[in-house]
>>> print(open('target22.csv').read())   # CSV, C-alpha atoms and all ligand atoms
chain,number,residue,atom,x,y,z
A,259,MET,CA,-27.1,16.7,-0.3
A,260,ALA,CA,-30.0,14.3,0.5
A,261,LEU,CA,-33.5,15.5,-0.4
A,262,PRO,CA,-35.7,16.5,2.6
A,263,GLU,CA,-37.9,13.5,3.3
A,264,ALA,CA,-41.2,15.3,2.5
A,265,ILE,CA,-39.9,16.3,-1.0
A,266,PHE,CA,-38.5,12.8,-1.5
A,267,LYS,CA,-42.0,11.4,-0.8
A,268,LEU,CA,-43.6,13.7,-3.2
A,269,LEU,CA,-41.2,12.7,-6.0
A,270,LYS,CA,-41.3,9.0,-5.3
A,271,PRO,CA,-42.9,7.2,-8.1
A,272,ARG,CA,-46.4,6.1,-7.1
A,273,ARG,CA,-47.2,2.4,-7.3
A,274,LYS,CA,-49.7,1.4,-10.0
A,275,ALA,CA,-51.7,-1.6,-9.0
A,276,SER,CA,-55.2,-0.7,-8.1
A,277,GLY,CA,-56.0,2.0,-10.5
A,278,ILE,CA,-56.4,4.6,-7.8
A,279,GLU,CA,-53.4,6.5,-6.3
A,280,LEU,CA,-52.9,9.0,-3.6
A,281,THR,CA,-53.7,12.5,-4.7
A,282,ARG,CA,-51.0,15.2,-4.3
A,283,GLU,CA,-53.2,16.8,-1.6
A,284,ALA,CA,-53.3,13.4,0.2
A,285,MET,CA,-49.5,13.0,-0.1
A,286,ALA,CA,-49.1,16.3,1.6
A,287,ASN,CA,-51.7,15.4,4.3
A,288,ILE,CA,-50.9,11.9,5.3
A,289,PRO,CA,-52.7,11.2,8.7
A,290,ARG,CA,-50.2,10.6,11.5
A,291,HIS,CA,-52.5,8.1,13.2
A,292,VAL,CA,-55.0,5.8,11.5
A,293,ALA,CA,-57.3,3.6,13.7
A,294,VAL,CA,-59.3,0.7,12.3
A,295,ILE,CA,-62.3,-1.3,13.5
A,296,MET,CA,-61.5,-4.6,11.8
A,297,ASP,CA,-65.1,-5.6,11.3
A,298,GLY,CA,-66.8,-8.2,9.0
A,299,ASN,CA,-64.7,-11.3,9.5
A,300,GLY,CA,-67.7,-13.4,10.5
A,301,ARG,CA,-69.7,-12.4,7.4
A,302,TRP,CA,-66.7,-12.9,5.2
A,303,ALA,CA,-66.4,-16.5,6.4
A,304,ARG,CA,-70.1,-17.1,6.2
A,305,LYS,CA,-70.2,-16.0,2.6
A,306,ARG,CA,-67.7,-18.7,1.8
A,307,GLY,CA,-69.3,-21.4,4.0
A,308,LEU,CA,-66.3,-21.3,6.3
A,309,PRO,CA,-66.2,-21.3,10.2
A,310,ARG,CA,-65.9,-17.8,11.8
A,311,ARG,CA,-62.4,-18.5,12.9
A,312,SER,CA,-61.3,-18.6,9.2
A,313,GLY,CA,-62.7,-15.1,8.9
A,314,HIS,CA,-60.6,-14.0,11.8
A,315,SER,CA,-57.5,-15.7,10.3
A,316,ALA,CA,-58.1,-13.9,7.0
A,317,GLY,CA,-58.6,-10.7,9.0
A,318,ALA,CA,-55.2,-11.2,10.8
A,319,GLU,CA,-53.5,-11.8,7.4
A,320,ASN,CA,-55.0,-8.5,6.2
A,321,LEU,CA,-53.7,-6.7,9.3
A,322,HIS,CA,-50.2,-7.6,8.3
A,323,GLU,CA,-50.7,-6.3,4.7
A,324,PHE,CA,-52.3,-3.2,6.2
A,325,CYS,CA,-49.2,-2.5,8.2
A,326,GLN,CA,-47.2,-2.6,5.0
A,327,TRP,CA,-49.4,0.0,3.4
A,328,CYS,CA,-49.1,2.2,6.5
A,329,ILE,CA,-45.3,2.0,6.1
A,330,GLU,CA,-45.5,2.7,2.4
A,331,PHE,CA,-47.7,5.8,3.0
A,332,GLY,CA,-45.6,7.1,5.8
A,333,ILE,CA,-48.2,6.7,8.6
A,334,SER,CA,-46.6,6.7,12.0
A,335,TYR,CA,-49.2,5.0,14.2
A,336,THR,CA,-52.0,2.6,13.7
A,337,THR,CA,-54.4,1.3,16.3
A,338,VAL,CA,-56.6,-1.7,15.5
A,339,PHE,CA,-59.5,-3.1,17.4
A,340,ALA,CA,-58.9,-6.8,17.7
A,341,PHE,CA,-60.9,-7.9,20.8
A,342,SER,CA,-63.3,-5.8,22.8
A,343,THR,CA,-64.3,-6.1,26.4
A,344,GLU,CA,-67.7,-7.2,25.1
A,345,ASN,CA,-66.3,-9.9,22.9
A,346,TRP,CA,-66.1,-12.3,25.9
A,347,GLN,CA,-69.9,-12.8,25.3
A,348,ARG,CA,-69.2,-14.7,22.0
A,349,PRO,CA,-69.2,-18.5,22.0
A,350,GLN,CA,-66.3,-19.9,24.0
A,351,GLN,CA,-65.0,-21.6,20.9
A,352,GLU,CA,-64.7,-18.3,19.1
A,353,VAL,CA,-63.1,-16.6,22.1
A,354,ASP,CA,-60.5,-19.4,22.3
A,355,SER,CA,-59.8,-19.2,18.6
A,356,LEU,CA,-59.2,-15.5,18.8
A,357,MET,CA,-56.7,-15.9,21.7
A,358,LYS,CA,-54.9,-18.7,19.8
A,359,LEU,CA,-54.8,-16.6,16.6
A,360,PHE,CA,-53.3,-13.7,18.6
A,361,VAL,CA,-50.4,-15.9,19.7
A,362,GLU,CA,-50.0,-17.5,16.3
A,363,PHE,CA,-49.9,-14.1,14.6
A,364,PHE,CA,-46.7,-13.1,16.4
A,365,ALA,CA,-45.1,-16.6,15.9
A,366,ARG,CA,-45.8,-16.2,12.2
A,367,TYR,CA,-45.0,-12.5,11.6
A,368,GLU,CA,-42.4,-11.6,14.3
A,369,GLU,CA,-39.5,-11.7,11.9
A,370,GLU,CA,-41.2,-9.7,9.2
A,371,LEU,CA,-42.5,-7.1,11.6
A,372,ALA,CA,-38.9,-6.8,12.9
A,373,ALA,CA,-37.5,-6.4,9.4
A,374,GLU,CA,-40.1,-3.8,8.6
A,375,GLY,CA,-39.3,-1.8,11.8
A,376,VAL,CA,-42.7,-2.2,13.4
A,377,ARG,CA,-43.0,-1.4,17.1
A,378,LEU,CA,-45.7,-3.3,18.9
A,379,ARG,CA,-47.9,-1.9,21.6
A,380,PHE,CA,-51.1,-3.1,23.3
A,381,CYS,CA,-54.0,-1.4,25.1
A,382,GLY,CA,-56.8,-2.8,27.1
A,383,GLU,CA,-57.3,-4.8,30.3
A,384,ILE,CA,-54.2,-6.9,29.7
A,385,ALA,CA,-54.1,-8.6,33.2
A,386,GLU,CA,-57.5,-10.3,32.4
A,387,LEU,CA,-56.1,-12.1,29.4
A,388,PRO,CA,-54.7,-15.7,29.3
A,389,GLN,CA,-51.1,-16.0,30.3
A,390,SER,CA,-50.1,-17.1,26.8
A,391,VAL,CA,-51.4,-13.9,25.4
A,392,GLN,CA,-49.9,-11.7,28.1
A,393,GLU,CA,-46.5,-13.4,27.6
A,394,THR,CA,-46.7,-12.9,23.8
A,395,MET,CA,-47.5,-9.2,24.4
A,396,ARG,CA,-44.6,-8.7,26.8
A,397,LYS,CA,-42.2,-10.3,24.4
A,398,ALA,CA,-43.5,-8.4,21.3
A,399,GLU,CA,-43.3,-5.1,23.3
A,400,THR,CA,-39.8,-5.5,24.7
A,401,SER,CA,-38.2,-6.9,21.6
A,402,SER,CA,-39.7,-4.0,19.4
A,403,LEU,CA,-38.9,-1.1,21.7
A,404,GLN,CA,-36.2,0.4,19.4
A,405,ARG,CA,-38.1,0.1,16.2
A,406,ASN,CA,-39.5,3.3,14.7
A,407,THR,CA,-41.0,2.9,11.3
A,408,LEU,CA,-44.6,2.3,12.4
A,409,GLN,CA,-46.1,1.9,15.9
A,410,LEU,CA,-48.8,-0.8,15.7
A,411,VAL,CA,-51.1,-0.6,18.7
A,412,ILE,CA,-53.4,-3.6,19.1
A,413,ALA,CA,-56.5,-2.9,21.2
A,414,PHE,CA,-57.1,-6.3,22.9
A,415,ASN,CA,-59.7,-6.7,25.7
A,416,TYR,CA,-60.2,-3.0,25.1
A,417,GLY,CA,-63.3,-0.9,25.8
A,418,GLY,CA,-63.4,2.9,25.6
A,419,ARG,CA,-65.6,3.2,28.7
A,420,ARG,CA,-63.4,0.9,30.7
A,421,GLU,CA,-60.4,3.0,29.8
A,422,ILE,CA,-62.2,6.2,31.0
A,423,VAL,CA,-63.2,4.4,34.2
A,424,LYS,CA,-59.6,3.3,34.8
A,425,ALA,CA,-58.4,6.9,34.3
A,426,THR,CA,-61.1,8.2,36.7
A,427,ARG,CA,-60.2,5.7,39.4
A,428,GLU,CA,-56.6,6.7,39.3
A,429,LEU,CA,-57.5,10.4,39.5
A,430,LEU,CA,-59.8,9.9,42.4
A,431,THR,CA,-57.0,8.1,44.2
A,432,ASP,CA,-54.8,11.1,43.6
A,433,CYS,CA,-57.5,13.4,45.0
A,434,GLN,CA,-57.9,11.2,48.1
A,435,ALA,CA,-54.2,11.3,48.6
A,436,GLY,CA,-54.3,15.1,48.4
A,437,GLU,CA,-52.1,15.1,45.2
A,438,LEU,CA,-54.9,16.7,43.1
A,439,GLU,CA,-57.7,19.1,43.9
A,440,PRO,CA,-61.0,18.3,42.0
A,441,GLU,CA,-61.2,21.9,40.7
A,442,GLU,CA,-57.7,21.5,39.2
A,443,LEU,CA,-58.7,18.6,37.0
A,444,THR,CA,-58.3,19.2,33.3
A,445,GLU,CA,-58.6,17.2,30.1
A,446,GLU,CA,-54.9,16.7,30.1
A,447,HIS,CA,-55.1,14.9,33.4
A,448,ILE,CA,-57.6,12.4,31.9
A,449,SER,CA,-55.5,12.0,28.7
A,450,ALA,CA,-52.4,11.3,30.8
A,451,ARG,CA,-54.2,8.4,32.5
A,452,LEU,CA,-55.3,6.6,29.4
A,453,TYR,CA,-53.6,3.3,28.5
A,454,LEU,CA,-51.0,4.8,26.1
A,455,PRO,CA,-50.9,8.5,26.9
A,456,ASP,CA,-48.0,9.2,24.5
A,457,VAL,CA,-49.9,8.0,21.4
A,458,PRO,CA,-51.5,10.9,19.6
A,459,ASP,CA,-55.3,10.9,19.0
A,460,PRO,CA,-56.3,9.2,15.8
A,461,ASP,CA,-56.7,11.5,12.8
A,462,LEU,CA,-58.7,9.0,10.8
A,463,ILE,CA,-60.9,6.1,12.0
A,464,ILE,CA,-61.8,3.5,9.4
A,465,ARG,CA,-64.7,1.1,9.9
A,466,PRO,CA,-65.3,-1.4,7.1
A,467,SER,CA,-68.3,-3.8,6.9
A,468,GLY,CA,-71.1,-1.3,6.6
A,469,GLU,CA,-71.7,-0.6,10.3
A,470,LEU,CA,-71.9,3.1,11.1
A,471,ARG,CA,-70.9,3.2,14.8
A,472,LEU,CA,-67.9,3.5,17.1
A,473,SER,CA,-68.7,0.4,19.3
A,474,ASN,CA,-66.8,1.6,22.4
A,475,PHE,CA,-63.5,2.2,20.5
A,476,LEU,CA,-61.3,5.1,21.5
A,477,LEU,CA,-64.2,7.2,22.9
A,478,TRP,CA,-62.0,9.9,24.5
A,479,GLN,CA,-59.4,10.0,21.7
A,480,SER,CA,-61.8,10.2,18.8
A,481,ALA,CA,-63.3,13.6,19.8
A,482,TYR,CA,-61.9,15.3,16.6
A,483,SER,CA,-61.2,12.3,14.4
A,484,GLU,CA,-62.4,12.0,10.9
A,485,PHE,CA,-64.4,8.9,10.0
A,486,TRP,CA,-64.4,6.7,6.9
A,487,PHE,CA,-66.9,4.0,6.5
A,488,ALA,CA,-67.3,1.4,3.7
A,489,LYS,CA,-69.3,-1.7,3.0
A,490,VAL,CA,-66.3,-3.9,2.3
A,491,LEU,CA,-65.6,-6.6,4.8
A,492,TRP,CA,-62.3,-6.3,6.7
A,493,PRO,CA,-60.5,-9.3,5.0
A,494,ASP,CA,-61.3,-7.8,1.6
A,495,PHE,CA,-60.2,-4.3,2.6
A,496,SER,CA,-57.4,-3.5,0.2
A,497,ARG,CA,-54.7,-1.0,-0.6
A,498,HIS,CA,-57.2,0.5,-3.0
A,499,HIS,CA,-59.8,1.1,-0.2
A,500,PHE,CA,-57.1,2.5,2.0
A,501,ILE,CA,-56.0,5.0,-0.6
A,502,ALA,CA,-59.6,6.0,-1.1
A,503,ALA,CA,-59.9,6.6,2.6
A,504,ILE,CA,-56.7,8.7,2.8
A,505,ASN,CA,-57.7,10.8,-0.3
A,506,ASP,CA,-61.1,11.5,1.2
A,507,TYR,CA,-59.5,12.4,4.6
A,508,ALA,CA,-57.1,14.8,2.9
A,509,SER,CA,-60.0,16.6,1.1
A,510,ARG,CA,-61.8,17.4,4.4
A,511,GLN,CA,-61.4,20.7,6.4
A,512,ARG,CA,-60.6,19.9,10.0
A,513,ARG,CA,-61.8,22.6,12.2
A,514,TYR,CA,-61.5,21.2,15.8
A,515,GLY,CA,-64.5,23.3,16.7
A,516,GLY,CA,-62.9,26.5,15.4
A,517,LEU,CA,-62.1,27.6,11.9
A,518,SER,CA,-60.4,25.7,9.1
A,519,LYS,CA,-56.8,26.6,8.1
A,520,GLU,CA,-58.1,28.4,5.1
A,521,GLU,CA,-60.7,30.3,7.1
A,522,ARG,CA,-57.9,31.4,9.4
A,523,GLY,CA,-55.9,32.6,6.4
A,524,GLU,CA,-53.2,29.9,6.7
A,525,LYS,CA,-52.1,27.7,3.8
B,1,LIG,C1,-65.2,-8.2,14.2
B,1,LIG,O1,-65.7,-9.0,13.1
B,1,LIG,C2,-63.8,-8.7,14.5
B,1,LIG,C3,-63.4,-9.2,15.6
B,1,LIG,C4,-64.2,-9.3,16.8
B,1,LIG,C5,-62.0,-9.7,15.7
B,1,LIG,C6,-61.0,-9.0,14.9
B,1,LIG,C7,-59.8,-9.8,15.0
B,1,LIG,C8,-58.9,-10.0,13.9
B,1,LIG,C9,-59.0,-9.4,12.6
B,1,LIG,C10,-57.8,-10.9,14.1
B,1,LIG,C11,-56.7,-10.0,14.8
B,1,LIG,C12,-55.7,-10.8,15.2
B,1,LIG,C13,-54.6,-10.4,15.7
B,1,LIG,C14,-53.6,-11.3,15.7
B,1,LIG,C15,-54.4,-9.1,16.3
B,1,LIG,P1,-67.0,-9.9,13.4
B,1,LIG,O2,-66.5,-11.2,13.9
B,1,LIG,O3,-67.9,-9.2,14.4
B,1,LIG,O4,-67.6,-9.9,12.0
B,1,LIG,P2,-69.2,-10.0,11.7
B,1,LIG,O5,-69.7,-8.7,12.1
B,1,LIG,O6,-69.2,-10.1,10.2
B,1,LIG,O7,-69.7,-11.2,12.4
>>> encode(input="target22.csv", output="structure tokens", more="lines below")
Ligand code: FPP
Amino acid sequence: MALPEAIFKLLKPRRKASGIELTREAMANIPRHVAVIMDGNGRWARKRGLPRRSGHSAGAENLHEFCQWCIEFGISYTTVFAFSTENWQRPQQEVDSLMKLFVEFFARYEEELAAEGVRLRFCGEIAELPQSVQETMRKAETSSLQRNTLQLVIAFNYGGRREIVKATRELLTDCQAGELEPEELTEEHISARLYLPDVPDPDLIIRPSGELRLSNFLLWQSAYSEFWFAKVLWPDFSRHHFIAAINDYASRQRRYGGLSKEERGEK
């Protein structure tokens, strides 16, 4: 008889490469959804005397590696912040290079992502993006629908406040149409009108680069997320840092405003 998956994961030999490994506690508490603010690409490039777009390219490479670690650790969802609704304010050349990089990323990694079983999803104001980006998204989404190892959600032209405004507009329209009474409105109604309502809230949000803020990322969904910050720049964020983040996450007591499992007398 095959071993149950959880036991198999516990027994699986742990890879030695970085000197730090997942603790037993972490292996039993792998976050289901990890979100990442991929920050520090510009500084990474500047330190090397390279143009900012080289930093973003290195960041995109690291995103592909990151997906492999997610699969290795059994994480089901990852959401990454790749372009914010505020990023249009950057120099046109940088904006153009980010749009181009997006399209190139899928041309380059589509086969590997397919072989790895990665399902692609996108959130943000998609209709405002260049046609080439929208077309790439449509193709990636439809061709990966049946894959189920990891769901990679790319937040592109995304802003947490814009997402809440979108949900509010839709709910007001329902109220005007008499389909919803204002006093019936619940948190679930708002959650159901976010870009990807079926994706669970992130358990862990990682922000490298030394900045200690959320920058309009997943404002509604992060209400009970755990945060992990580090000074490392995103292109240098390694498997080692990821393991440290998961070990740290697993050692915390999540209370959701109530009591921890231990305090409730549960194991
Ligand atoms: C923030 O670093 C990063 C971004 C605005 C872009 C992130 C995009 C990528 C990693 C590429 C993703 C690509 C695909 C294909 C999804 P920053 O430029 O603000 O860095 P800085 O704070 O050091 O200047």
>>> residues_near_ligand(input="target22.csv", ligand="ligand LIG 1 (chain B)", cutoff="8 Å", atoms="all atoms listed in the file", output="ChimeraX atom specification")
/A:295-303,310,313-321,338-342,345,356,359-364,412,414,467,491-493
>>> closest_residue(input="target22.csv", among="A:Asp461, A:Thr281, A:Pro455, A:Thr394", to="Thr336 (chain A)", atoms="all atoms listed in the file")
A:Asp461
>>> residues_around(input="target22.csv", residues="Arg512 (chain A)", least_positions_apart="3", cutoff="9 Å", atoms="all atoms listed in the file", output="list in words")
Tyr482, Ser483, Glu484, Gly515, Gly516, Leu517, Ser518 and Lys519 of chain A
>>> residues_around(input="target22.csv", residues="Asn505 (chain A)", least_positions_apart="2", cutoff="12 Å", atoms="only C-alpha atoms", output="PyMOL selection string")
chain A and resi 278-289+331+462+486+498-503+507-510
>>> write_last_selection(input="target22.csv", atoms="C-alpha atoms", output="mmCIF file, in the frame of the given file")
data_model
loop_
_atom_site.group_PDB
_atom_site.id
_atom_site.type_symbol
_atom_site.label_atom_id
_atom_site.label_comp_id
_atom_site.auth_asym_id
_atom_site.auth_seq_id
_atom_site.Cartn_x
_atom_site.Cartn_y
_atom_site.Cartn_z
ATOM 1 C CA ILE A 278 -56.400 4.600 -7.800
ATOM 2 C CA GLU A 279 -53.400 6.500 -6.300
ATOM 3 C CA LEU A 280 -52.900 9.000 -3.600
ATOM 4 C CA THR A 281 -53.700 12.500 -4.700
ATOM 5 C CA ARG A 282 -51.000 15.200 -4.300
ATOM 6 C CA GLU A 283 -53.200 16.800 -1.600
ATOM 7 C CA ALA A 284 -53.300 13.400 0.200
ATOM 8 C CA MET A 285 -49.500 13.000 -0.100
ATOM 9 C CA ALA A 286 -49.100 16.300 1.600
ATOM 10 C CA ASN A 287 -51.700 15.400 4.300
ATOM 11 C CA ILE A 288 -50.900 11.900 5.300
ATOM 12 C CA PRO A 289 -52.700 11.200 8.700
ATOM 13 C CA PHE A 331 -47.700 5.800 3.000
ATOM 14 C CA LEU A 462 -58.700 9.000 10.800
ATOM 15 C CA TRP A 486 -64.400 6.700 6.900
ATOM 16 C CA HIS A 498 -57.200 0.500 -3.000
ATOM 17 C CA HIS A 499 -59.800 1.100 -0.200
ATOM 18 C CA PHE A 500 -57.100 2.500 2.000
ATOM 19 C CA ILE A 501 -56.000 5.000 -0.600
ATOM 20 C CA ALA A 502 -59.600 6.000 -1.100
ATOM 21 C CA ALA A 503 -59.900 6.600 2.600
ATOM 22 C CA TYR A 507 -59.500 12.400 4.600
ATOM 23 C CA ALA A 508 -57.100 14.800 2.900
ATOM 24 C CA SER A 509 -60.000 16.600 1.100
ATOM 25 C CA ARG A 510 -61.800 17.400 4.400
#
>>> closest_residue(input="target22.csv", among="A:Ile333, A:Ala425, A:Ile504, A:Ala372", to="Arg290 (chain A)", atoms="only C-alpha atoms")
A:Ile333
>>> closest_residue(input="target22.csv", among="A:Glu439, A:Glu386, A:Glu521, A:Glu368", to="Asn415 (chain A)", atoms="all atoms listed in the file")
A:Glu386
>>> atom_distance(input="target22.csv", atom1="CA of Gln350 (chain A)", atom2="CA of Gly417 (chain A)")
19.3 Å
>>> closest_residue(input="target22.csv", among="A:Glu383, A:Glu441, A:Glu399, A:Asp459", to="Lys424 (chain A)", atoms="only C-alpha atoms")
A:Glu383
>>> atom_distance(input="target22.csv", atom1="CA of Thr407 (chain A)", atom2="CA of Leu452 (chain A)")
23.4 Å
>>> build_atoms(input="target22.csv", residues="region 436-466 of chain A", atoms="N, CA and C atoms", output="tab-separated table (two decimals), in the coordinates of the input")
chain	number	residue	atom	x	y	z
A	436	GLY	N	-54.59	13.64	48.29
A	436	GLY	CA	-54.30	15.10	48.40
A	436	GLY	C	-53.31	15.55	47.35
A	437	GLU	N	-53.09	14.74	46.30
A	437	GLU	CA	-52.10	15.10	45.20
A	437	GLU	C	-52.79	15.96	44.15
A	438	LEU	N	-54.12	15.97	44.14
A	438	LEU	CA	-54.90	16.70	43.10
A	438	LEU	C	-56.14	17.25	43.72
A	439	GLU	N	-56.44	18.52	43.44
A	439	GLU	CA	-57.70	19.10	43.90
A	439	GLU	C	-58.73	18.92	42.78
A	440	PRO	N	-59.98	18.50	43.08
A	440	PRO	CA	-61.00	18.30	42.00
A	440	PRO	C	-61.10	19.47	41.06
A	441	GLU	N	-61.03	20.70	41.60
A	441	GLU	CA	-61.20	21.90	40.70
A	441	GLU	C	-59.98	22.10	39.80
A	442	GLU	N	-58.86	21.41	40.09
A	442	GLU	CA	-57.70	21.50	39.20
A	442	GLU	C	-57.73	20.57	38.04
A	443	LEU	N	-58.70	19.66	38.07
A	443	LEU	CA	-58.70	18.60	37.00
A	443	LEU	C	-58.97	19.17	35.64
A	444	THR	N	-58.13	18.74	34.69
A	444	THR	CA	-58.30	19.20	33.30
A	444	THR	C	-58.35	18.00	32.36
A	445	GLU	N	-58.61	18.29	31.09
A	445	GLU	CA	-58.60	17.20	30.10
A	445	GLU	C	-57.28	16.53	30.01
A	446	GLU	N	-56.23	17.29	30.20
A	446	GLU	CA	-54.90	16.70	30.10
A	446	GLU	C	-54.66	15.66	31.19
A	447	HIS	N	-55.26	15.88	32.40
A	447	HIS	CA	-55.10	14.90	33.40
A	447	HIS	C	-55.72	13.54	32.98
A	448	ILE	N	-56.90	13.63	32.34
A	448	ILE	CA	-57.60	12.40	31.90
A	448	ILE	C	-56.74	11.76	30.76
A	449	SER	N	-56.32	12.56	29.78
A	449	SER	CA	-55.50	12.00	28.70
A	449	SER	C	-54.27	11.30	29.20
A	450	ALA	N	-53.68	11.86	30.26
A	450	ALA	CA	-52.40	11.30	30.80
A	450	ALA	C	-52.66	9.96	31.49
A	451	ARG	N	-53.92	9.64	31.82
A	451	ARG	CA	-54.20	8.40	32.50
A	451	ARG	C	-54.82	7.33	31.60
A	452	LEU	N	-54.82	7.57	30.29
A	452	LEU	CA	-55.30	6.60	29.40
A	452	LEU	C	-54.24	5.47	29.23
A	453	TYR	N	-54.55	4.38	28.53
A	453	TYR	CA	-53.60	3.30	28.50
A	453	TYR	C	-52.25	3.68	27.88
A	454	LEU	N	-52.29	4.44	26.77
A	454	LEU	CA	-51.00	4.80	26.10
A	454	LEU	C	-51.03	6.33	25.88
A	455	PRO	N	-50.71	7.07	26.95
A	455	PRO	CA	-50.90	8.50	26.90
A	455	PRO	C	-49.97	9.21	25.84
A	456	ASP	N	-48.87	8.57	25.46
A	456	ASP	CA	-48.00	9.20	24.50
A	456	ASP	C	-48.44	9.07	23.05
A	457	VAL	N	-49.40	8.19	22.81
A	457	VAL	CA	-49.90	8.00	21.40
A	457	VAL	C	-50.84	9.11	21.07
A	458	PRO	N	-50.59	9.81	19.96
A	458	PRO	CA	-51.50	10.90	19.60
A	458	PRO	C	-52.90	10.42	19.27
A	459	ASP	N	-53.88	11.31	19.38
A	459	ASP	CA	-55.30	10.90	19.00
A	459	ASP	C	-55.31	10.52	17.55
A	460	PRO	N	-56.21	9.60	17.21
A	460	PRO	CA	-56.30	9.20	15.80
A	460	PRO	C	-56.81	10.32	14.92
A	461	ASP	N	-56.17	10.52	13.77
A	461	ASP	CA	-56.70	11.50	12.80
A	461	ASP	C	-57.82	10.95	12.02
A	462	LEU	N	-57.70	9.67	11.71
A	462	LEU	CA	-58.70	9.00	10.80
A	462	LEU	C	-59.06	7.68	11.43
A	463	ILE	N	-60.38	7.42	11.52
A	463	ILE	CA	-60.90	6.10	12.00
A	463	ILE	C	-61.62	5.45	10.85
A	464	ILE	N	-61.19	4.24	10.51
A	464	ILE	CA	-61.80	3.50	9.40
A	464	ILE	C	-62.64	2.37	9.96
A	465	ARG	N	-63.88	2.27	9.49
A	465	ARG	CA	-64.70	1.10	9.90
A	465	ARG	C	-65.24	0.47	8.61
A	466	PRO	N	-64.73	-0.70	8.22
A	466	PRO	CA	-65.30	-1.40	7.10
A	466	PRO	C	-66.56	-2.19	7.58
